[in-house]
Every structure is written in C-alpha cells, then in structure tokens.
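Here is the structure we will look at, set down as structure tokens.
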Amino acid sequence: MAVVGDRGNRSDRLVVLGGEGSTVRGEGRVWLVGAGPGDPELLTIKALKALRAAQVVVHDGLVSEDILDLAPASARKISVAKRKSRHSYSQDEINRMLVAFALEGLNVVRLKGGDPFIFGRGGEELEACREAGVECVIIPGVTAALAAGAGASAPLTHRGVAQAVTFVTGHAAKGGEPDLDWESLAKANQTVVIYMGVSMAVPIAARLMEAGRVGSTPALIVENASRADERRITTTLAGLPEAAATVTGPALLIVGEAMALAQAGVGSTDVEILVQKARA
Ligand SMILES: C[S@@+](CC[C@H](N)C(=O)[O-])C[C@H]1O[C@@H](n2cnc3c(N)ncnc32)[C@H](O)[C@@H]1O
C-alpha cells in the first residue's frame with residue numbers, strides 16, 4: 001500500500017493507493033485532457049467542459065494558472081510537475097493516483113500541456129486505467145508544434161516545399177542522445193519538429209548535417225509558444241546550436257525549407273488586440 005498527498009498547499013488530504021479501499025468501484029472516470037501550449041484561448045471547448053466538471057485535477061508544470069483557475073474552486077488540484085529540488089511523482093505513482101481517485105468515484109481530469117498523446121505519456125496513463133477497469137476519455141489538445149508554426153506564420157507543410165512533417169523527441173527515453181533515423185530526417189522538403197531538444201541541439205544539428213541535410217536549411221526556434229512571453233528565433237540548421245544556447249523556457253527546434261517563411265520576434269497573437277486594431 002502506498003500513500004500520496006498533495007505537495008502544494010491546496011489540500012492536505014491523503015489518497016490511499018492499492019489499499020483495500022481502492023477496490024470499491026464508483027462511477028469515477030479519468031479524463032486525459034490536452035491543455036494546449038499555454039494560451040488559455042487555445043483550450044478546446046471540450047477541455048473547458050471537462051475542467052468545469054472536475055472534482056480532482058492532476059496537472060503538469062506546463063499548465064498555466066489561468067487554465068487551472070477554470071476548474072471549480074472546490075476541485076482538488078495536484079501538481080505532479082517534475083521538480084529539481086523536491087521529490088516529484090514517478091509515472092507509476094501518477095498512474096496509480098489517477099486510478100485510485102477514479103475508483104473512489106471521482107471525476108478526475110489529468111491535465112497535460114499540449115496534447116496528451118504527443119510526448120505526453122498519455123498512453124501509459126490510458127493503459128493503467130484500462131488495466132484497472134477505469135473508464136478513460138481522451139480530449140485532444142493543440143500540440144506545441146502547431147502553436148509554434150502558427151505564431152511564427154510558418155506552415156509546417158507547404159506545397160512543393162514541405163511534403164511531410166515529423167515530430168521527434170530530442171531525448172532518448174533514459175536521457176542522452178535520441179536514437180533517430182537521421183538518414184530519413186535529413187531528406188529535403190520535409191519539416192522536422194524536435195520536442196525537448198534544446199539541450200541536445202549540438203548533436204542533433206550535427207547528426208542531421210552528417211546525414212546530408214544542408215547546413216543552410218532554414219530553422220526556427222520557438223520558446224514559450226502561444227504565451228505572452230513567446231520568443232521566435234529564425235536561423236539555419238548550422239546556426240541551431242548557437243541559437244538554442246539562448247533559450248531558457250520550453251521550446252521547439254524546427255528544421256525545414258518551409259521555415260524560410262517564419263517571422264522572428266516576441267509576443268503571441270492576442271486576437272482581441274488584433275480585432276481592436278482592425279476596428280480603429
Ligand atoms: C513532455 S513534452 C510535452 C509536449 C506536449 N504534450 C505537447 O503536445 O505539446 C514537453 C516539451 O514540449 C515542448 N513544449 C511544450 N509546450 C511548449 C510551448 N508552449 N512552447 C514551446 N515548446 C513547448 C518543449 O519542447 C518541451 O520540452
């Protein structure tokens with residue numbers, strides 16, 4: 001039997017995982033919800049409805065307070081964000097926590113940055129629910145790559161220039177360099193979007209160039225896509241490591257001919273401001 005409690009100050013109630021009580025089946029359900037890349041306006045209406053009905057919200061660090069505030073004040077909010085200095089929950093503990101709450105009969109929203117099934121470990125949480133016989137409903141979210149391309153006005157596919165787009169991780173599952181098919185990623189006329197790749201920019205750029213992608217291929221880095229502090233750096237594949245060295249927040253590395261259309265700069269596109277400008 002394991003016991004977990006909130007690490008924050010929102011609640012001090014404990015949940016028993018794998019104890020006798022957890023065999024009591026209620027009508028609880030787990031909602032795996034994509035919170036989008038940060039801008040609350042990029043939340044789907046379905047996600048909003050699920051949040052409003054939540055009794056428990058288990059969320060990642062990349063989910064903003066603005067979005068968490070959309071859940072009822074009475075909902076218990078548990079951060080399972082990875083922390084450098086304090087203990088954070090293992091994936092197994094998170095899986096068991098979700099199942100335990102649902103078996104208590106609670107409506108559990110597992111809120112993840114972007115989309116739950118794009119580098120979000122949503123598949124593992126879904127499997128844990130299935131194994132426990134807990135219903136799990138998936139609500140997709142806007143993945144960071146889509147917001148990054150949109151914010152920079154750079155299409156991820158572009159007729160005659162980018163016939164494919166590939167999302168890859170910049171990290172191996174156990175850390176270190178990713179084991180990717182560099183030959184395939186180095187082919188021209190396709191966009192490669194690298195998640196979690198900032199600290200690996202040096203080997204990633206080197207592998208792509210060794211495999212034949214030319215150093216002058218346009219590249220884009222988008223930090224904090226869709227947030228007020230969004231920052232876009234336009235560069236080339238060869239210039240990617242130097243540009244990545246200036247990044248501190250969550251960011252994507254994007255390589256491909258279509259990135260020639262990208263606009264560098266700061267700030268996200270606030271629809272209300274643009275509408276006001278158009279009316280003026
Ligand atoms: C664990 S992955 C989660 C991805 C998420 N499930 C999604 O669909 O966007 C975290 C990585 O996603 C990228 N990321 C997430 N949010 C971002 C944002 N707002 N701007 C840029 N990159 C972001 C970064 O590469 C970050 O290291």
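Chain labels A, B, ... are given in the sequence in which chains occur in the structure tokens; within each chain residues are numbered consecutively from 1, and ligands are likewise numbered from 1 in the order shown.
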Mind running chain A against ligand 1 at 8 Å and telling me each contacting residue's nearest atom pair with the distance in Å (one decimal), counting only C-alpha atoms and all ligand atoms, chain and number ascending, as CSV?
```
residue,atom,partner,partner_atom_place_in_ligand_line,distance
A:Gly34,CA,ligand 1,6 (N),7.4
A:Gly36,CA,ligand 1,9 (O),6.8
A:Pro37,CA,ligand 1,19 (N),4.2
A:Gly38,CA,ligand 1,19 (N),5.4
A:Leu62,CA,ligand 1,16 (N),6.6
A:Lys112,CA,ligand 1,6 (N),6.4
A:Gly113,CA,ligand 1,5 (C),4.9
A:Gly114,CA,ligand 1,7 (C),3.4
A:Asp115,CA,ligand 1,8 (O),3.8
A:Pro116,CA,ligand 1,6 (N),5.2
A:Phe117,CA,ligand 1,6 (N),6.5
A:Ile118,CA,ligand 1,8 (O),4.6
A:Phe119,CA,ligand 1,4 (C),5.0
A:Gly120,CA,ligand 1,6 (N),4.2
A:Arg121,CA,ligand 1,1 (C),7.8
A:Gly141,CA,ligand 1,8 (O),7.0
A:Val142,CA,ligand 1,8 (O),6.6
A:Thr143,CA,ligand 1,8 (O),3.6
A:Ala144,CA,ligand 1,9 (O),3.8
A:Ala145,CA,ligand 1,9 (O),6.5
A:Ala147,CA,ligand 1,19 (N),7.6
A:Ala148,CA,ligand 1,21 (C),6.6
A:Ile194,CA,ligand 1,25 (O),6.9
A:Tyr195,CA,ligand 1,25 (O),3.7
A:Met196,CA,ligand 1,27 (O),3.7
A:Gly197,CA,ligand 1,25 (O),6.2
A:Val198,CA,ligand 1,25 (O),7.4
A:Val222,CA,ligand 1,21 (C),5.6
A:Glu223,CA,ligand 1,21 (C),4.7
A:Asn224,CA,ligand 1,20 (N),3.7
A:Ala225,CA,ligand 1,20 (N),3.6
A:Ser226,CA,ligand 1,19 (N),6.0
A:Arg227,CA,ligand 1,19 (N),6.5
A:Glu230,CA,ligand 1,20 (N),7.5
A:Gly249,CA,ligand 1,21 (C),7.6
A:Pro250,CA,ligand 1,24 (C),4.4
A:Ala251,CA,ligand 1,22 (N),3.5
A:Leu252,CA,ligand 1,25 (O),4.6
A:Leu253,CA,ligand 1,25 (O),7.7
```
Store the residues of this selection in a file with C-alpha atoms, as a CSV table (one decimal), in the first residue's frame.
```csv
chain,number,residue,atom,x,y,z
A,34,GLY,CA,-4.8,18.4,-23.5
A,36,GLY,CA,-2.8,23.2,-25.2
A,37,PRO,CA,0.5,25.1,-25.4
A,38,GLY,CA,-0.2,27.7,-22.8
A,62,LEU,CA,3.5,23.4,-18.2
A,112,LYS,CA,-1.4,17.9,-19.7
A,113,GLY,CA,0.4,20.6,-21.7
A,114,GLY,CA,-0.3,20.4,-25.4
A,115,ASP,CA,-1.8,17.1,-26.5
A,116,PRO,CA,-1.9,14.1,-24.1
A,117,PHE,CA,-0.7,11.7,-26.8
A,118,ILE,CA,2.2,13.8,-28.2
A,119,PHE,CA,5.2,13.1,-26.0
A,120,GLY,CA,2.9,13.4,-23.0
A,121,ARG,CA,2.9,9.8,-21.6
A,141,GLY,CA,-5.2,19.5,-27.2
A,142,VAL,CA,-3.2,21.8,-29.5
A,143,THR,CA,0.3,20.4,-29.5
A,144,ALA,CA,3.1,22.9,-29.1
A,145,ALA,CA,4.3,22.4,-32.7
A,147,ALA,CA,1.1,26.8,-32.0
A,148,ALA,CA,4.8,27.4,-32.8
A,194,ILE,CA,12.1,18.5,-32.3
A,195,TYR,CA,10.4,18.5,-28.9
A,196,MET,CA,12.7,18.5,-25.7
A,197,GLY,CA,15.7,19.1,-28.0
A,198,VAL,CA,17.2,22.4,-26.7
A,222,VAL,CA,10.0,28.9,-30.7
A,223,GLU,CA,10.2,29.4,-26.9
A,224,ASN,CA,7.0,29.6,-24.9
A,225,ALA,CA,4.8,29.2,-27.9
A,226,SER,CA,1.4,30.9,-27.6
A,227,ARG,CA,2.3,32.5,-24.3
A,230,GLU,CA,6.7,33.8,-26.7
A,249,GLY,CA,11.9,28.1,-21.4
A,250,PRO,CA,10.2,25.2,-23.1
A,251,ALA,CA,11.0,25.4,-26.8
A,252,LEU,CA,10.8,23.6,-30.1
A,253,LEU,CA,13.5,23.3,-32.7
```
Residues within 8 Å of Val80 in chain A, only C-alpha atoms, excluding chain neighbours under 2 positions, as a VMD selection string: chain A and resid 58 to 61 78 82 88 to 89 94
Taking only C-alpha atoms into account, produce a table as CSV in which each residue of range 93-199 of chain A with an atom at most 12 Å from an atom of range 266-280 of chain A appears once, together with its shortest atom pair and the distance in Å to one decimal, ordered by chain and rising number.
```
residue,atom,partner,partner_atom,distance
A:Ala147,CA,A:Ser268,CA,9.7
A:Ala148,CA,A:Ser268,CA,9.8
A:Gly149,CA,A:Ser268,CA,11.7
A:Ala150,CA,A:Thr269,CA,9.2
A:Gly151,CA,A:Ser268,CA,6.5
A:Ala152,CA,A:Ser268,CA,9.1
A:Ser153,CA,A:Thr269,CA,10.5
```
Distance in Å - CA of Arg96 in chain A versus CA of Asp39 in chain A: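 That distance, rounded to one decimal, is 29.5 Å.
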Ile45 in chain A environment, 12 Å, only C-alpha atoms, sequence neighbours closer than 2 positions dropped, as a ChimeraX atom specification: /A:33-36,40-43,47-52,70,139-141
Output N, CA and C atoms for every residue in that selection, as an mmCIF file, in the first residue's frame.
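Dumped everything to part-v2.cif:
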```cif
data_model
loop_
_atom_site.group_PDB
_atom_site.id
_atom_site.type_symbol
_atom_site.label_atom_id
_atom_site.label_comp_id
_atom_site.auth_asym_id
_atom_site.auth_seq_id
_atom_site.Cartn_x
_atom_site.Cartn_y
_atom_site.Cartn_z
ATOM 1 N N VAL A 33 -6.813 15.118 -20.592
ATOM 2 C CA VAL A 33 -7.170 16.351 -21.297
ATOM 3 C C VAL A 33 -5.921 17.126 -21.740
ATOM 4 N N GLY A 34 -5.910 17.508 -23.001
ATOM 5 C CA GLY A 34 -4.844 18.353 -23.511
ATOM 6 C C GLY A 34 -5.162 19.808 -23.188
ATOM 7 N N ALA A 35 -4.237 20.470 -22.491
ATOM 8 C CA ALA A 35 -4.472 21.868 -22.098
ATOM 9 C C ALA A 35 -3.972 22.842 -23.154
ATOM 10 N N GLY A 36 -3.351 22.306 -24.222
ATOM 11 C CA GLY A 36 -2.800 23.200 -25.237
ATOM 12 C C GLY A 36 -1.458 23.757 -24.794
ATOM 13 N N PRO A 40 -4.693 30.212 -22.719
ATOM 14 C CA PRO A 40 -5.966 29.601 -22.330
ATOM 15 C C PRO A 40 -6.988 29.613 -23.472
ATOM 16 N N GLU A 41 -6.857 30.565 -24.403
ATOM 17 C CA GLU A 41 -7.827 30.621 -25.503
ATOM 18 C C GLU A 41 -7.623 29.485 -26.504
ATOM 19 N N LEU A 42 -6.527 28.761 -26.373
ATOM 20 C CA LEU A 42 -6.314 27.599 -27.250
ATOM 21 C C LEU A 42 -6.830 26.303 -26.633
ATOM 22 N N LEU A 43 -7.469 26.439 -25.494
ATOM 23 C CA LEU A 43 -8.122 25.284 -24.877
ATOM 24 C C LEU A 43 -9.353 24.944 -25.714
ATOM 25 N N ALA A 47 -12.391 20.520 -23.539
ATOM 26 C CA ALA A 47 -11.472 20.543 -22.398
ATOM 27 C C ALA A 47 -12.040 21.438 -21.295
ATOM 28 N N LEU A 48 -12.584 22.571 -21.702
ATOM 29 C CA LEU A 48 -13.171 23.501 -20.733
ATOM 30 C C LEU A 48 -14.325 22.835 -19.968
ATOM 31 N N LYS A 49 -15.184 22.120 -20.721
ATOM 32 C CA LYS A 49 -16.324 21.447 -20.069
ATOM 33 C C LYS A 49 -15.834 20.384 -19.080
ATOM 34 N N ALA A 50 -14.812 19.637 -19.490
ATOM 35 C CA ALA A 50 -14.288 18.594 -18.594
ATOM 36 C C ALA A 50 -13.691 19.224 -17.338
ATOM 37 N N LEU A 51 -12.970 20.339 -17.523
ATOM 38 C CA LEU A 51 -12.366 21.021 -16.373
ATOM 39 C C LEU A 51 -13.428 21.527 -15.401
ATOM 40 N N ARG A 52 -14.496 22.083 -15.973
ATOM 41 C CA ARG A 52 -15.559 22.640 -15.118
ATOM 42 C C ARG A 52 -16.261 21.559 -14.309
ATOM 43 N N LEU A 70 -9.862 27.619 -14.260
ATOM 44 C CA LEU A 70 -11.137 27.308 -14.906
ATOM 45 C C LEU A 70 -11.832 26.113 -14.235
ATOM 46 N N ILE A 139 -9.311 13.816 -24.431
ATOM 47 C CA ILE A 139 -9.671 15.078 -25.088
ATOM 48 C C ILE A 139 -8.385 15.679 -25.662
ATOM 49 N N PRO A 140 -8.297 15.743 -27.000
ATOM 50 C CA PRO A 140 -7.046 16.216 -27.601
ATOM 51 C C PRO A 140 -6.782 17.691 -27.304
ATOM 52 N N GLY A 141 -5.526 18.068 -27.420
ATOM 53 C CA GLY A 141 -5.162 19.471 -27.228
ATOM 54 C C GLY A 141 -4.297 19.947 -28.377
#
```
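For the set A:Val255, A:Pro155, A:Asn95, A:Gly105, the residue with the smallest atom-to-atom gap to Glu127 in chain A is A:Asn95, counting only C-alpha atoms.
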Contacts of Leu180 in chain A within 12 Å, only C-alpha atoms, excl. fewer than 5 positions in-chain, as a PyMOL selection string: chain A and resi 166-173+185-186+192+194+203-204+207-208+211
DSSP-assigned strand (DSSP E) among range 82-163 of chain A, expressed as a list in words: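 Those residues are Asn107, Val108, Val109, Arg110, Leu111, Lys112, Cys136, Val137, Ile138 and Ile139 of chain A.
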Alpha helix (DSSP H) residues, from DSSP on the backbone, in range 13-137 of chain A, as a VMD selection string: chain A and resid 45 to 52 65 to 68 91 to 103 122 to 132
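Distance-wise, CA of Ala205 in chain A and CA of Ile254 in chain A end up 10.9 Å apart.
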Point-to-point distance from CA of Gly28 in chain A to CA of Glu65 in chain A, Å rounded to tenths: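 Atom-to-atom, CA of Gly28 in chain A to CA of Glu65 in chain A, that is 25.0 Å.
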Find the residues around Ala238 in chain A up to 12 Å (only C-alpha atoms counted), leave out those fewer than 4 positions away in its own chain, and share them as a compact mmCIF listing (two decimals) with N, CA and C atoms, in the first residue's frame.
```txt
# COMPACT_ATOMS: atom_id res chain seq x y z
N ALA A 201 20.79 20.33 -28.89
CA ALA A 201 20.86 20.98 -30.20
C ALA A 201 22.17 20.71 -30.93
N VAL A 202 23.26 20.63 -30.18
CA VAL A 202 24.57 20.40 -30.82
C VAL A 202 24.59 19.04 -31.53
N PRO A 203 24.35 17.93 -30.81
CA PRO A 203 24.38 16.64 -31.53
C PRO A 203 23.28 16.51 -32.58
N ILE A 204 22.11 17.10 -32.33
CA ILE A 204 21.01 16.96 -33.30
C ILE A 204 21.39 17.62 -34.63
N ALA A 205 21.91 18.85 -34.56
CA ALA A 205 22.30 19.56 -35.79
C ALA A 205 23.43 18.79 -36.48
N ALA A 206 24.37 18.28 -35.69
CA ALA A 206 25.50 17.54 -36.28
C ALA A 206 25.01 16.28 -36.99
N ARG A 207 24.14 15.51 -36.33
CA ARG A 207 23.64 14.25 -36.94
C ARG A 207 22.89 14.54 -38.24
N LEU A 208 22.05 15.58 -38.23
CA LEU A 208 21.28 15.90 -39.44
C LEU A 208 22.21 16.28 -40.59
N MET A 209 23.23 17.07 -40.27
CA MET A 209 24.15 17.51 -41.34
C MET A 209 25.03 16.35 -41.81
N GLU A 210 25.47 15.51 -40.87
CA GLU A 210 26.26 14.33 -41.27
C GLU A 210 25.45 13.43 -42.19
N ARG A 213 21.59 16.65 -44.51
CA ARG A 213 20.74 17.85 -44.58
C ARG A 213 21.68 19.06 -44.62
N VAL A 214 21.45 19.95 -45.56
CA VAL A 214 22.43 21.04 -45.72
C VAL A 214 22.33 22.05 -44.57
N GLY A 215 23.49 22.57 -44.19
CA GLY A 215 23.56 23.49 -43.06
C GLY A 215 22.76 24.77 -43.26
N SER A 216 22.51 25.12 -44.51
CA SER A 216 21.76 26.36 -44.78
C SER A 216 20.24 26.16 -44.74
N THR A 217 19.79 24.95 -44.42
CA THR A 217 18.33 24.71 -44.33
C THR A 217 17.74 25.66 -43.28
N PRO A 218 16.66 26.37 -43.62
CA PRO A 218 16.08 27.29 -42.63
C PRO A 218 15.63 26.56 -41.37
N ALA A 219 15.80 27.22 -40.24
CA ALA A 219 15.39 26.62 -38.96
C ALA A 219 14.76 27.71 -38.09
N LEU A 220 13.96 27.25 -37.18
CA LEU A 220 13.23 28.16 -36.29
C LEU A 220 13.24 27.57 -34.89
N THR A 234 14.77 32.97 -35.81
CA THR A 234 14.98 32.36 -37.12
C THR A 234 16.47 32.16 -37.32
N GLU A 242 23.91 27.49 -31.67
CA GLU A 242 24.19 28.81 -31.09
C GLU A 242 22.88 29.49 -30.66
N ALA A 243 21.87 29.39 -31.50
CA ALA A 243 20.58 30.00 -31.17
C ALA A 243 19.94 29.30 -29.96
N ALA A 244 20.07 27.97 -29.90
CA ALA A 244 19.45 27.21 -28.80
C ALA A 244 20.09 27.55 -27.46
N VAL A 255 13.15 22.43 -38.17
CA VAL A 255 14.08 22.49 -39.30
C VAL A 255 13.33 22.13 -40.57
```
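Nearest to Leu68 in chain A of all the residues A:Val109, A:Ala132, A:Leu240, A:Val99 is A:Val109, counting only C-alpha atoms.
Of the residues listed (A:Glu135, A:Glu93, A:Glu124, A:Asp66), A:Glu135 shows the shortest atom-to-atom separation from Glu27 in chain A; distances use only C-alpha atoms.
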Residues within 7 Å of Ala258 in chain A, please, as a PDB file with C-alpha atoms, in the first residue's frame. Count only C-alpha atoms; anything in the same chain fewer than 4 positions from it doesn't count.
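Listed below is the output, result-v9.pdb:
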```
ATOM      1  CA  ALA A 154       5.398  29.361 -40.778  1.00  0.00           C
ATOM      2  CA  PRO A 155       3.404  26.451 -42.209  1.00  0.00           C
ATOM      3  CA  LEU A 156       4.663  23.036 -41.120  1.00  0.00           C
ATOM      4  CA  HIS A 158       3.874  23.752 -47.636  1.00  0.00           C
ATOM      5  CA  VAL A 161       8.456  22.732 -50.148  1.00  0.00           C
ATOM      6  CA  ALA A 162       7.451  20.545 -47.225  1.00  0.00           C
TER       7      ALA A 162
END
```
